[in-house]
$ cat model.txt   # compact mmCIF, C-alpha atoms and all ligand atoms
# COMPACT_ATOMS: atom_id res chain seq x y z
CA MET A 1 12.32 9.90 19.32
CA THR A 2 14.38 12.05 16.98
CA ARG A 3 12.57 14.12 14.39
CA GLN A 4 13.57 13.39 10.82
CA THR A 5 13.30 16.07 8.14
CA PRO A 6 11.89 16.99 5.71
CA ARG A 7 8.19 16.48 6.50
CA SER A 8 7.35 15.93 2.86
CA VAL A 9 9.17 14.30 -0.03
CA ALA A 10 8.88 14.27 -3.80
CA LEU A 11 7.26 11.05 -4.97
CA GLY A 12 10.15 10.10 -7.21
CA ALA A 13 11.78 12.29 -9.86
CA THR A 14 8.49 13.09 -11.61
CA GLY A 15 5.82 12.69 -8.92
CA PRO A 16 4.09 15.21 -6.65
CA PRO A 17 5.28 16.23 -3.16
CA VAL A 18 3.61 14.09 -0.48
CA GLY A 19 3.80 13.65 3.28
CA ARG A 20 6.43 11.11 4.34
CA GLN A 21 3.76 8.57 5.23
CA GLY A 22 0.56 7.92 3.30
CA LEU A 23 -2.69 6.27 4.37
CA GLY A 24 -3.97 2.99 2.98
CA CYS A 25 -7.75 3.17 2.85
CA MET A 26 -8.59 -0.39 1.74
CA GLY A 27 -9.57 -1.71 5.19
CA MET A 28 -12.12 1.10 5.56
CA SER A 29 -14.36 -0.80 3.12
CA GLU A 30 -13.35 -4.45 3.04
CA PHE A 31 -11.00 -7.31 3.97
CA TYR A 32 -9.99 -6.67 7.60
CA GLY A 33 -13.17 -6.92 9.65
CA PRO A 34 -16.11 -4.60 10.36
CA THR A 35 -16.14 -1.16 8.80
CA ASP A 36 -17.27 2.15 10.29
CA VAL A 37 -17.92 4.92 7.76
CA GLU A 38 -18.09 7.76 10.30
CA GLU A 39 -14.82 6.83 12.01
CA SER A 40 -13.19 6.31 8.61
CA LEU A 41 -14.15 9.81 7.51
CA ARG A 42 -12.83 11.24 10.77
CA THR A 43 -9.61 9.27 10.25
CA LEU A 44 -9.17 10.78 6.79
CA ASP A 45 -9.58 14.31 8.21
CA ARG A 46 -7.15 13.60 11.03
CA ALA A 47 -4.61 12.24 8.57
CA LEU A 48 -4.60 15.49 6.66
CA GLU A 49 -4.21 17.44 9.91
CA LEU A 50 -1.16 15.31 10.71
CA GLY A 51 0.54 15.96 7.37
CA VAL A 52 -0.57 12.85 5.47
CA THR A 53 -1.39 13.81 1.89
CA LEU A 54 -1.16 10.54 -0.10
CA PHE A 55 -4.36 8.53 0.18
CA ASP A 56 -4.43 5.10 -1.43
CA THR A 57 -7.48 3.31 -2.80
CA ALA A 58 -8.38 1.09 -5.80
CA ASP A 59 -11.45 0.40 -7.88
CA ALA A 60 -11.32 -3.18 -6.61
CA TYR A 61 -11.61 -2.30 -2.89
CA GLY A 62 -15.16 -3.00 -1.83
CA HIS A 63 -16.07 -3.27 -5.54
CA GLY A 64 -15.87 0.54 -5.86
CA ARG A 65 -17.22 1.36 -2.38
CA ASN A 66 -13.80 2.50 -1.12
CA GLU A 67 -13.50 5.15 -3.83
CA GLU A 68 -17.06 6.27 -3.06
CA LEU A 69 -16.23 6.49 0.65
CA LEU A 70 -13.32 8.81 -0.15
CA ARG A 71 -15.37 11.05 -2.45
CA PRO A 72 -16.59 13.73 0.06
CA PHE A 73 -13.17 13.92 1.69
CA VAL A 74 -11.31 14.26 -1.60
CA ARG A 75 -13.75 16.85 -2.96
CA ALA A 76 -13.60 18.93 0.23
CA ASN A 77 -9.79 18.94 0.21
CA ARG A 78 -9.05 18.65 -3.48
CA ASP A 79 -5.95 20.88 -3.52
CA ARG A 80 -4.33 19.28 -0.48
CA VAL A 81 -4.91 15.60 -1.25
CA VAL A 82 -2.91 13.36 -3.59
CA ILE A 83 -5.40 10.66 -4.48
CA ALA A 84 -3.95 7.37 -5.71
CA THR A 85 -6.17 4.70 -7.19
CA LYS A 86 -5.68 1.59 -9.31
CA PHE A 87 -7.24 -0.38 -12.11
CA GLY A 88 -6.68 -3.83 -13.59
CA LEU A 89 -7.98 -6.27 -10.97
CA VAL A 90 -11.30 -7.77 -12.01
CA ARG A 91 -13.46 -9.26 -9.27
CA LYS A 92 -16.73 -11.17 -8.99
CA ALA A 93 -19.24 -10.08 -6.36
CA ASP A 94 -20.29 -13.69 -5.70
CA ASP A 95 -16.77 -15.14 -5.42
CA PRO A 96 -14.45 -13.34 -2.95
CA ARG A 97 -11.46 -15.47 -4.00
CA TYR A 98 -11.73 -14.75 -7.74
CA ARG A 99 -9.16 -12.40 -9.26
CA GLY A 100 -8.91 -11.60 -12.97
CA VAL A 101 -6.40 -9.16 -14.44
CA ASP A 102 -7.32 -6.96 -17.40
CA ASN A 103 -4.88 -4.30 -18.66
CA SER A 104 -6.41 -3.89 -22.10
CA PRO A 105 -6.81 -0.30 -23.37
CA GLY A 106 -10.59 -0.70 -23.76
CA TYR A 107 -11.01 -1.91 -20.19
CA LEU A 108 -8.70 0.88 -18.95
CA ARG A 109 -10.78 3.58 -20.65
CA ARG A 110 -13.93 2.33 -18.89
CA ALA A 111 -12.15 1.85 -15.56
CA VAL A 112 -10.76 5.39 -15.43
CA GLU A 113 -14.17 6.93 -16.13
CA ALA A 114 -15.73 4.83 -13.39
CA SER A 115 -13.03 5.81 -10.86
CA LEU A 116 -13.29 9.51 -11.75
CA ARG A 117 -17.06 9.30 -11.23
CA ARG A 118 -16.85 7.44 -7.91
CA LEU A 119 -14.16 9.78 -6.57
CA GLY A 120 -15.99 12.87 -7.84
CA VAL A 121 -12.86 14.40 -9.39
CA GLU A 122 -11.77 15.47 -12.86
CA THR A 123 -8.24 14.13 -12.51
CA ILE A 124 -6.68 11.19 -10.67
CA ASP A 125 -3.36 12.31 -9.17
CA LEU A 126 -1.64 8.92 -9.28
CA TYR A 127 -3.10 6.03 -11.30
CA HIS A 128 -1.61 2.57 -10.76
CA VAL A 129 -1.72 -0.59 -12.81
CA HIS A 130 -2.86 -2.85 -9.95
CA ARG A 131 -1.35 -5.98 -11.52
CA VAL A 132 0.36 -6.49 -14.85
CA ALA A 133 -1.78 -8.89 -16.90
CA PRO A 134 0.03 -11.95 -18.22
CA GLY A 135 0.03 -11.70 -22.01
CA THR A 136 -0.49 -7.93 -22.19
CA PRO A 137 2.83 -6.09 -22.73
CA VAL A 138 3.25 -3.43 -20.05
CA GLU A 139 4.30 -1.01 -22.84
CA GLU A 140 0.83 -1.32 -24.39
CA THR A 141 -0.87 -0.53 -21.08
CA VAL A 142 1.42 2.40 -20.28
CA GLY A 143 0.92 3.75 -23.80
CA ALA A 144 -2.84 3.83 -23.16
CA LEU A 145 -2.23 5.43 -19.73
CA ALA A 146 -0.05 8.11 -21.35
CA GLU A 147 -3.06 9.07 -23.48
CA LEU A 148 -5.06 9.61 -20.28
CA VAL A 149 -2.28 11.89 -19.00
CA ALA A 150 -2.43 13.85 -22.26
CA GLN A 151 -6.22 14.13 -21.85
CA GLY A 152 -5.82 15.48 -18.29
CA LYS A 153 -7.66 12.56 -16.68
CA VAL A 154 -4.55 11.31 -14.86
CA ARG A 155 -1.55 13.30 -13.55
CA HIS A 156 1.05 10.64 -12.67
CA LEU A 157 1.48 6.94 -13.34
CA GLY A 158 2.24 4.11 -10.94
CA LEU A 159 2.66 0.36 -11.13
CA SER A 160 2.10 -2.33 -8.52
CA GLU A 161 3.92 -5.62 -7.94
CA VAL A 162 6.20 -5.37 -10.97
CA THR A 163 9.67 -6.66 -11.71
CA GLY A 164 12.62 -4.41 -12.46
CA ALA A 165 12.38 -5.35 -16.15
CA GLN A 166 8.69 -4.43 -16.30
CA LEU A 167 9.37 -1.12 -14.57
CA ARG A 168 12.18 -0.31 -17.00
CA ALA A 169 10.01 -1.14 -20.03
CA ALA A 170 7.11 0.93 -18.69
CA HIS A 171 9.31 3.89 -17.76
CA ALA A 172 10.68 4.00 -21.32
CA VAL A 173 7.13 4.66 -22.60
CA HIS A 174 6.12 7.26 -19.99
CA PRO A 175 7.75 8.34 -16.68
CA ILE A 176 6.57 6.24 -13.76
CA ALA A 177 6.32 8.17 -10.48
CA ALA A 178 5.91 5.27 -8.05
CA VAL A 179 5.85 1.52 -7.65
CA GLN A 180 3.64 -0.02 -5.00
CA SER A 181 4.79 -3.34 -3.57
CA GLU A 182 4.47 -5.22 -0.31
CA TRP A 183 7.49 -4.28 1.81
CA SER A 184 7.86 -4.90 5.52
CA LEU A 185 9.95 -6.64 8.15
CA PHE A 186 8.24 -9.85 6.94
CA SER A 187 8.32 -9.26 3.15
CA ARG A 188 11.59 -8.17 1.58
CA ASP A 189 11.65 -9.86 -1.86
CA VAL A 190 11.09 -6.41 -3.38
CA GLU A 191 14.64 -5.47 -2.39
CA THR A 192 15.99 -7.71 -5.13
CA THR A 193 13.13 -7.69 -7.64
CA VAL A 194 12.45 -4.00 -8.23
CA VAL A 195 14.06 -1.64 -5.69
CA PRO A 196 17.46 -1.34 -7.44
CA THR A 197 15.79 -0.45 -10.75
CA ALA A 198 13.48 2.03 -9.05
CA ALA A 199 16.47 3.68 -7.35
CA GLU A 200 18.31 3.90 -10.66
CA LEU A 201 15.34 5.41 -12.51
CA GLY A 202 14.30 7.84 -9.77
CA VAL A 203 11.01 6.03 -9.12
CA ALA A 204 9.56 6.13 -5.59
CA LEU A 205 8.59 2.99 -3.67
CA VAL A 206 5.24 2.97 -1.88
CA PRO A 207 5.34 -0.02 0.46
CA TYR A 208 1.91 -1.55 1.01
CA SER A 209 1.02 -3.79 3.96
CA PRO A 210 4.02 -2.33 5.86
CA LEU A 211 2.51 -3.78 9.04
CA GLY A 212 2.24 -7.25 7.52
CA ARG A 213 -1.56 -6.76 7.38
CA GLY A 214 -1.55 -6.09 11.12
CA PHE A 215 0.58 -9.07 12.16
CA LEU A 216 3.70 -6.97 12.84
CA ALA A 217 1.74 -4.73 15.19
CA GLY A 218 1.19 -7.77 17.38
CA ALA A 219 -2.55 -7.17 17.33
CA VAL A 220 -3.40 -10.44 15.56
CA THR A 221 -1.80 -13.70 16.64
CA SER A 222 -4.49 -16.16 15.60
CA VAL A 223 -7.26 -16.24 13.01
CA ASP A 224 -9.63 -17.06 15.89
CA GLN A 225 -9.50 -13.34 16.74
CA LEU A 226 -10.73 -12.38 13.27
CA ALA A 227 -14.23 -11.83 11.91
CA PRO A 228 -15.62 -14.75 9.85
CA ASP A 229 -15.22 -12.82 6.58
CA ASP A 230 -11.78 -11.37 7.40
CA PHE A 231 -9.59 -12.08 4.38
CA ARG A 232 -6.59 -12.86 6.57
CA ARG A 233 -8.22 -16.20 7.36
CA HIS A 234 -6.93 -17.20 3.89
CA MET A 235 -3.41 -15.88 4.39
CA PRO A 236 -0.72 -18.49 5.12
CA ARG A 237 1.20 -16.36 7.62
CA PHE A 238 -1.88 -16.06 9.84
CA THR A 239 -2.95 -19.69 9.73
CA GLY A 240 -1.99 -23.06 11.21
CA ASP A 241 1.26 -23.52 13.13
CA ARG A 242 2.79 -20.69 11.11
CA ALA A 243 0.97 -18.02 13.16
CA GLY A 244 2.70 -19.02 16.39
CA HIS A 245 6.07 -19.41 14.68
CA ASN A 246 5.76 -15.96 13.10
CA ALA A 247 4.55 -14.31 16.32
CA ALA A 248 7.68 -15.62 18.08
CA LEU A 249 9.85 -13.90 15.45
CA LEU A 250 8.56 -10.57 16.69
CA ALA A 251 10.43 -10.77 20.04
CA PRO A 252 13.06 -8.19 18.93
CA VAL A 253 10.31 -5.87 17.69
CA HIS A 254 8.62 -5.96 21.11
CA ARG A 255 11.94 -5.58 22.93
CA ILE A 256 12.90 -2.51 20.90
CA ALA A 257 9.40 -1.06 21.28
CA ALA A 258 9.61 -1.37 25.08
CA ALA A 259 13.10 0.16 25.17
CA ARG A 260 12.07 3.12 23.00
CA CYS A 261 8.66 3.73 24.65
CA ALA A 262 7.12 2.97 21.26
CA THR A 263 4.69 0.36 19.97
CA ALA A 264 5.46 -2.68 17.85
CA ALA A 265 3.64 -1.04 14.93
CA GLN A 266 5.86 2.03 15.24
CA VAL A 267 9.04 -0.07 15.23
CA ALA A 268 7.85 -1.98 12.16
CA LEU A 269 7.02 1.25 10.34
CA ALA A 270 10.25 2.97 11.39
CA TRP A 271 12.12 0.05 9.81
CA VAL A 272 10.27 0.61 6.51
CA HIS A 273 10.98 4.36 6.59
CA HIS A 274 14.67 3.55 7.11
CA ARG A 275 14.74 1.69 3.75
CA GLN A 276 14.93 5.09 2.09
CA ALA A 277 18.44 5.69 3.43
CA VAL A 278 19.54 2.09 2.85
CA HIS A 279 18.46 1.85 -0.79
CA GLY A 280 18.76 5.47 -1.91
CA LEU A 281 15.22 6.09 -3.15
CA THR A 282 12.09 7.79 -1.91
CA VAL A 283 10.01 5.47 0.30
CA VAL A 284 6.48 6.46 1.34
CA PRO A 285 4.74 3.64 3.23
CA ILE A 286 0.93 3.53 3.31
CA PRO A 287 -0.08 1.69 6.50
CA GLY A 288 -3.81 1.02 6.59
CA THR A 289 -6.05 1.78 9.52
CA ARG A 290 -9.70 2.49 10.19
CA SER A 291 -9.13 4.51 13.37
CA ARG A 292 -7.80 7.90 14.40
CA ALA A 293 -5.91 6.47 17.36
CA ARG A 294 -3.89 4.03 15.26
CA LEU A 295 -3.38 6.59 12.54
CA THR A 296 -1.84 8.98 15.08
CA GLU A 297 0.38 6.19 16.38
CA ASN A 298 1.49 5.24 12.89
CA VAL A 299 2.26 8.77 11.71
CA ALA A 300 4.53 9.28 14.72
CA ALA A 301 6.61 6.31 13.56
CA ALA A 302 8.12 8.46 10.81
CA ASP A 303 10.00 10.27 13.58
CA LEU A 304 11.38 7.13 15.21
CA VAL A 305 14.99 6.61 14.12
CA LEU A 306 16.26 3.12 14.87
CA THR A 307 19.89 2.63 15.88
CA GLU A 308 22.30 0.48 13.91
CA GLY A 309 22.13 -2.09 16.71
CA GLU A 310 18.32 -2.20 16.58
CA LEU A 311 18.36 -2.52 12.79
CA ALA A 312 20.79 -5.43 13.10
CA GLU A 313 18.44 -7.16 15.54
CA LEU A 314 15.58 -6.84 13.06
CA GLU A 315 17.62 -7.91 10.05
CA PRO A 316 17.18 -11.73 10.29
CA ILE A 317 13.40 -11.73 10.73
CA ALA A 318 12.24 -11.82 7.09
CA ALA A 319 14.33 -14.86 6.19
CA ARG A 320 12.65 -16.87 8.98
CA VAL A 321 9.00 -16.08 8.22
CA ALA A 322 6.79 -19.09 7.57
CA GLY A 323 4.20 -18.94 4.79
CA SER A 324 3.98 -16.92 1.60
CA ARG A 325 2.88 -13.29 1.76
CA ASP A 326 -0.23 -13.65 -0.38
CA ALA A 327 -3.30 -15.84 -0.27
CA GLY A 328 -2.24 -17.79 -3.37
CA LEU A 329 -5.14 -16.57 -5.50
CA THR A 330 -4.85 -17.34 -9.21
CA MET A 331 -4.66 -14.16 -11.26
CA ALA A 332 -6.41 -15.14 -14.49
CA ALA A 333 -5.64 -12.93 -17.49
CA VAL A 334 -8.85 -11.60 -19.07
CA ARG A 335 -9.34 -9.08 -21.87
CA ARG A 336 -12.56 -7.14 -22.14
CA ASP A 337 -11.75 -4.35 -24.58
N1 LIG B 1 -1.04 -2.68 -4.45
C1 LIG B 1 -1.58 -3.72 -3.86
O1 LIG B 1 -1.72 -4.78 -4.46
C2 LIG B 1 -2.03 -3.60 -2.42
C3 LIG B 1 -2.30 -4.75 -1.67
C4 LIG B 1 -2.71 -4.62 -0.36
C5 LIG B 1 -2.85 -3.35 0.20
N2 LIG B 1 -2.60 -2.24 -0.55
C6 LIG B 1 -2.74 -0.88 0.03
O2 LIG B 1 -1.86 -0.77 1.14
C7 LIG B 1 -2.57 -0.33 2.28
C8 LIG B 1 -1.93 -0.88 3.54
O3 LIG B 1 -1.85 -2.27 3.51
P1 LIG B 1 -2.78 -3.22 4.40
O4 LIG B 1 -3.94 -2.45 4.92
O5 LIG B 1 -3.01 -4.44 3.60
O6 LIG B 1 -1.85 -3.71 5.58
P2 LIG B 1 -1.07 -3.02 6.79
O7 LIG B 1 -1.03 -1.57 6.62
O8 LIG B 1 0.20 -3.78 6.91
O9 LIG B 1 -1.96 -3.42 8.04
C9 LIG B 1 -3.30 -3.02 8.20
C10 LIG B 1 -3.85 -3.74 9.40
O10 LIG B 1 -3.10 -3.36 10.56
C11 LIG B 1 -3.94 -2.83 11.56
N3 LIG B 1 -3.23 -1.71 12.18
C12 LIG B 1 -2.90 -0.53 11.60
N4 LIG B 1 -2.21 0.24 12.47
C13 LIG B 1 -2.11 -0.46 13.61
C14 LIG B 1 -1.53 -0.19 14.86
N5 LIG B 1 -0.89 0.95 15.10
N6 LIG B 1 -1.62 -1.15 15.83
C15 LIG B 1 -2.25 -2.32 15.60
N7 LIG B 1 -2.82 -2.63 14.42
C16 LIG B 1 -2.76 -1.70 13.44
C17 LIG B 1 -5.20 -2.39 10.82
O11 LIG B 1 -6.33 -2.51 11.66
P3 LIG B 1 -7.24 -1.22 12.03
O12 LIG B 1 -7.88 -0.79 10.77
O13 LIG B 1 -8.19 -1.78 13.01
O14 LIG B 1 -6.32 -0.20 12.62
C18 LIG B 1 -5.28 -3.41 9.68
O15 LIG B 1 -5.94 -4.58 10.11
C19 LIG B 1 -4.00 -0.79 2.02
O16 LIG B 1 -4.93 -0.06 2.79
C20 LIG B 1 -4.14 -0.56 0.54
O17 LIG B 1 -4.45 0.81 0.27
C21 LIG B 1 -2.18 -2.35 -1.85
$ encode --input "model.txt" --output "structure tokens"
Amino acid sequence: MTRQTPRSVALGATGPPVGRQGLGCMGMSEFYGPTDVEESLRTLDRALELGVTLFDTADAYGHGRNEELLRPFVRANRDRVVIATKFGLVRKADDPRYRGVDNSPGYLRRAVEASLRRLGVETIDLYHVHRVAPGTPVEETVGALAELVAQGKVRHLGLSEVTGAQLRAAHAVHPIAAVQSEWSLFSRDVETTVVPTAAELGVALVPYSPLGRGFLAGAVTSVDQLAPDDFRRHMPRFTGDRAGHNAALLAPVHRIAAARCATAAQVALAWVHHRQAVHGLTVVPIPGTRSRARLTENVAAADLVLTEGELAELEPIAARVAGSRDAGLTMAAVRRD
């Protein structure tokens, strides 16, 4: 492996410096099988030791439990941690497949107070609009977020799953530090929808699910391996004949991993890190894991530089993937101001 420098990057033109790879904390509370609070807390500490400083959560993860899980860690390391959370996704405790989207200023004001309380902080470092609500202009939402910046409750703004036009409109109201979107060897639509605009505006990309929710690591090849309540049982790429088809697409990933004495997860993450050079913008992936061992493996991937030949081998994969990248949940617009 060849070490890449620098070890930290600015999160876009206006954002804070962060380690080159962040940590997605969602799975520590929900969605991907059994959780283990003690190991999660040890994983957070290890991440910081390894130079990870961007920690990603959302009010929706575990219905607030994920922010609460992070609270002692964030408070103990307040000056070293960049805590990113999100608002806007409304869930129902009794219906795991329900998703509402509320971006109204009234809802936002309640959501930020609740996140600040659960995280035990006075300021959120990076606050994302989790989804843009149909029918609510993004300018209205960002205007309300700018007031929170002025009040000192939020330091930097982020968006998630937006188009280039939405990013441009938002950025005209208040600088946007980062956009979070799914981006991986399996999911590359972002390269045409928002990446060029982000590069032009100096906005960082924070790829989520960079391991294809674990699929690219080769650890999951059938839903039969998953816990009964694992959300991936609803995801088209993991189900039916598509799982076998998609697993076969990973042959070049496994071949490169063997040749480089790396793991499939590291090859998949190295490919995401390489997007920075290809597209000319800051890219800070946030792979999710509940364990120290996998965290250590994933962080090392930032130092794995793929050759042009290896990148060419990986290039065709995304176009051949079967099944859409999300579970097809309807995002109903709701307003609760
Ligand atoms: N903005 C949004 O709408 C949005 C949507 C989804 C996710 N996110 C954020 O992005 C973060 C990352 O995405 P994600 O968690 O969905 O997907 P991911 O990072 O692509 O994959 C996570 C899965 O991969 C497994 N894994 C991690 N490292 C591995 C390794 N080295 N070898 C084998 N398996 C490995 C994890 O299991 P273990 O835990 O057992 O290691 C987990 O099941 C989330 O935690 C969340 O913070 C944001």
$ residues_near_ligand --input "model.txt" --ligand "ligand LIG 1 (chain B)" --cutoff "8 Å" --atoms "all atoms listed in the file" --output "PyMOL selection string"
chain A and resi 23-28+32-33+55-58+86+130-131+160-161+180-182+184+207-220+263-266+286-291+293-295+297-298
$ atom_distance --input "model.txt" --atom1 "atom CA of A:Arg118" --atom2 "atom CA of A:Arg233"
29.4 Å
$ closest_residue --input "model.txt" --among "A:Val283, A:Ala198, A:Val142, A:Leu108" --to "A:Val90" --atoms "all atoms listed in the file"
A:Leu108
$ closest_residue --input "model.txt" --among "A:Tyr61, A:His273, A:Gly202, A:Gly323" --to "A:Ala93" --atoms "only C-alpha atoms"
A:Tyr61
$ residues_around --input "model.txt" --residues "A:Ile83" --least-positions-apart "5" --cutoff "12 Å" --atoms "only C-alpha atoms" --output "PDB file with C-alpha atoms, in the frame of the given file"
ATOM      1  CA  PRO A  16       4.090  15.210  -6.650  1.00  0.00           C
ATOM      2  CA  VAL A  18       3.610  14.090  -0.480  1.00  0.00           C
ATOM      3  CA  GLY A  22       0.560   7.920   3.300  1.00  0.00           C
ATOM      4  CA  LEU A  23      -2.690   6.270   4.370  1.00  0.00           C
ATOM      5  CA  GLY A  24      -3.970   2.990   2.980  1.00  0.00           C
ATOM      6  CA  CYS A  25      -7.750   3.170   2.850  1.00  0.00           C
ATOM      7  CA  LEU A  44      -9.170  10.780   6.790  1.00  0.00           C
ATOM      8  CA  VAL A  52      -0.570  12.850   5.470  1.00  0.00           C
ATOM      9  CA  THR A  53      -1.390  13.810   1.890  1.00  0.00           C
ATOM     10  CA  LEU A  54      -1.160  10.540  -0.100  1.00  0.00           C
ATOM     11  CA  PHE A  55      -4.360   8.530   0.180  1.00  0.00           C
ATOM     12  CA  ASP A  56      -4.430   5.100  -1.430  1.00  0.00           C
ATOM     13  CA  THR A  57      -7.480   3.310  -2.800  1.00  0.00           C
ATOM     14  CA  ALA A  58      -8.380   1.090  -5.800  1.00  0.00           C
ATOM     15  CA  GLU A  67     -13.500   5.150  -3.830  1.00  0.00           C
ATOM     16  CA  LEU A  70     -13.320   8.810  -0.150  1.00  0.00           C
ATOM     17  CA  ARG A  71     -15.370  11.050  -2.450  1.00  0.00           C
ATOM     18  CA  PHE A  73     -13.170  13.920   1.690  1.00  0.00           C
ATOM     19  CA  VAL A  74     -11.310  14.260  -1.600  1.00  0.00           C
ATOM     20  CA  ARG A  75     -13.750  16.850  -2.960  1.00  0.00           C
ATOM     21  CA  ASN A  77      -9.790  18.940   0.210  1.00  0.00           C
ATOM     22  CA  ARG A  78      -9.050  18.650  -3.480  1.00  0.00           C
ATOM     23  CA  SER A 115     -13.030   5.810 -10.860  1.00  0.00           C
ATOM     24  CA  LEU A 116     -13.290   9.510 -11.750  1.00  0.00           C
ATOM     25  CA  LEU A 119     -14.160   9.780  -6.570  1.00  0.00           C
ATOM     26  CA  GLY A 120     -15.990  12.870  -7.840  1.00  0.00           C
ATOM     27  CA  VAL A 121     -12.860  14.400  -9.390  1.00  0.00           C
ATOM     28  CA  GLU A 122     -11.770  15.470 -12.860  1.00  0.00           C
ATOM     29  CA  THR A 123      -8.240  14.130 -12.510  1.00  0.00           C
ATOM     30  CA  ILE A 124      -6.680  11.190 -10.670  1.00  0.00           C
ATOM     31  CA  ASP A 125      -3.360  12.310  -9.170  1.00  0.00           C
ATOM     32  CA  LEU A 126      -1.640   8.920  -9.280  1.00  0.00           C
ATOM     33  CA  TYR A 127      -3.100   6.030 -11.300  1.00  0.00           C
ATOM     34  CA  HIS A 128      -1.610   2.570 -10.760  1.00  0.00           C
ATOM     35  CA  VAL A 154      -4.550  11.310 -14.860  1.00  0.00           C
ATOM     36  CA  ARG A 155      -1.550  13.300 -13.550  1.00  0.00           C
ATOM     37  CA  HIS A 156       1.050  10.640 -12.670  1.00  0.00           C
ATOM     38  CA  LEU A 157       1.480   6.940 -13.340  1.00  0.00           C
ATOM     39  CA  GLY A 158       2.240   4.110 -10.940  1.00  0.00           C
TER      40      GLY A 158
END
$ atom_distance --input "model.txt" --atom1 "atom CA of A:Ala47" --atom2 "atom CA of A:Gly19"
10.0 Å
$ closest_residue --input "model.txt" --among "A:Ala204, A:Leu281, A:Ala248, A:Ala270" --to "A:Thr221" --atoms "all atoms listed in the file"
A:Ala248
$ residues_near_point --input "model.txt" --point "(-7.6, -17.7, 4.9)" --cutoff "12 Å" --atoms "all atoms listed in the file" --output "list in words"
Phe31, Tyr32, Pro96, Arg97, Ser222, Val223, Asp224, Leu226, Ala227, Pro228, Asp229, Asp230, Phe231, Arg232, Arg233, His234, Met235, Pro236, Arg237, Phe238, Thr239, Gly240, Ala243, Gly323, Arg325, Asp326, Ala327, Gly328 and Leu329 of chain A
$ closest_residue --input "model.txt" --among "A:Gly106, A:Pro17, A:Pro34, A:Asp45" --to "A:Arg292" --atoms "only C-alpha atoms"
A:Asp45
$ decode --input "model.txt" --residues "stretch 150-162 of chain A" --atoms "N, CA and C atoms" --output "PDB file, in the first residue's frame"
ATOM      1  N   ALA A 150     -26.738  31.456  12.794  1.00  0.00           N
ATOM      2  CA  ALA A 150     -26.591  32.776  13.432  1.00  0.00           C
ATOM      3  C   ALA A 150     -26.771  32.677  14.946  1.00  0.00           C
ATOM      4  N   GLN A 151     -27.620  31.747  15.390  1.00  0.00           N
ATOM      5  CA  GLN A 151     -27.869  31.566  16.828  1.00  0.00           C
ATOM      6  C   GLN A 151     -26.793  30.715  17.504  1.00  0.00           C
ATOM      7  N   GLY A 152     -25.868  30.157  16.715  1.00  0.00           N
ATOM      8  CA  GLY A 152     -24.789  29.342  17.285  1.00  0.00           C
ATOM      9  C   GLY A 152     -25.187  27.907  17.575  1.00  0.00           C
ATOM     10  N   LYS A 153     -26.369  27.489  17.115  1.00  0.00           N
ATOM     11  CA  LYS A 153     -26.801  26.110  17.385  1.00  0.00           C
ATOM     12  C   LYS A 153     -26.237  25.118  16.374  1.00  0.00           C
ATOM     13  N   VAL A 154     -25.815  25.636  15.229  1.00  0.00           N
ATOM     14  CA  VAL A 154     -25.288  24.810  14.141  1.00  0.00           C
ATOM     15  C   VAL A 154     -24.071  25.539  13.574  1.00  0.00           C
ATOM     16  N   ARG A 155     -23.005  24.786  13.226  1.00  0.00           N
ATOM     17  CA  ARG A 155     -21.818  25.455  12.648  1.00  0.00           C
ATOM     18  C   ARG A 155     -21.834  25.443  11.120  1.00  0.00           C
ATOM     19  N   HIS A 156     -22.102  24.270  10.536  1.00  0.00           N
ATOM     20  CA  HIS A 156     -22.046  24.130   9.076  1.00  0.00           C
ATOM     21  C   HIS A 156     -23.286  23.389   8.591  1.00  0.00           C
ATOM     22  N   LEU A 157     -23.632  23.641   7.322  1.00  0.00           N
ATOM     23  CA  LEU A 157     -24.837  23.029   6.761  1.00  0.00           C
ATOM     24  C   LEU A 157     -24.489  21.954   5.739  1.00  0.00           C
ATOM     25  N   GLY A 158     -25.316  20.917   5.707  1.00  0.00           N
ATOM     26  CA  GLY A 158     -25.180  19.857   4.717  1.00  0.00           C
ATOM     27  C   GLY A 158     -26.545  19.481   4.162  1.00  0.00           C
ATOM     28  N   LEU A 159     -26.525  18.847   3.010  1.00  0.00           N
ATOM     29  CA  LEU A 159     -27.748  18.328   2.395  1.00  0.00           C
ATOM     30  C   LEU A 159     -27.524  16.842   2.139  1.00  0.00           C
ATOM     31  N   SER A 160     -28.611  16.122   1.881  1.00  0.00           N
ATOM     32  CA  SER A 160     -28.473  14.704   1.557  1.00  0.00           C
ATOM     33  C   SER A 160     -29.394  14.360   0.400  1.00  0.00           C
ATOM     34  N   GLU A 161     -28.854  13.593  -0.553  1.00  0.00           N
ATOM     35  CA  GLU A 161     -29.655  13.114  -1.691  1.00  0.00           C
ATOM     36  C   GLU A 161     -30.328  14.267  -2.442  1.00  0.00           C
ATOM     37  N   VAL A 162     -29.545  15.251  -2.844  1.00  0.00           N
ATOM     38  CA  VAL A 162     -30.112  16.378  -3.597  1.00  0.00           C
ATOM     39  C   VAL A 162     -29.624  16.354  -5.040  1.00  0.00           C
TER      40      VAL A 162
END
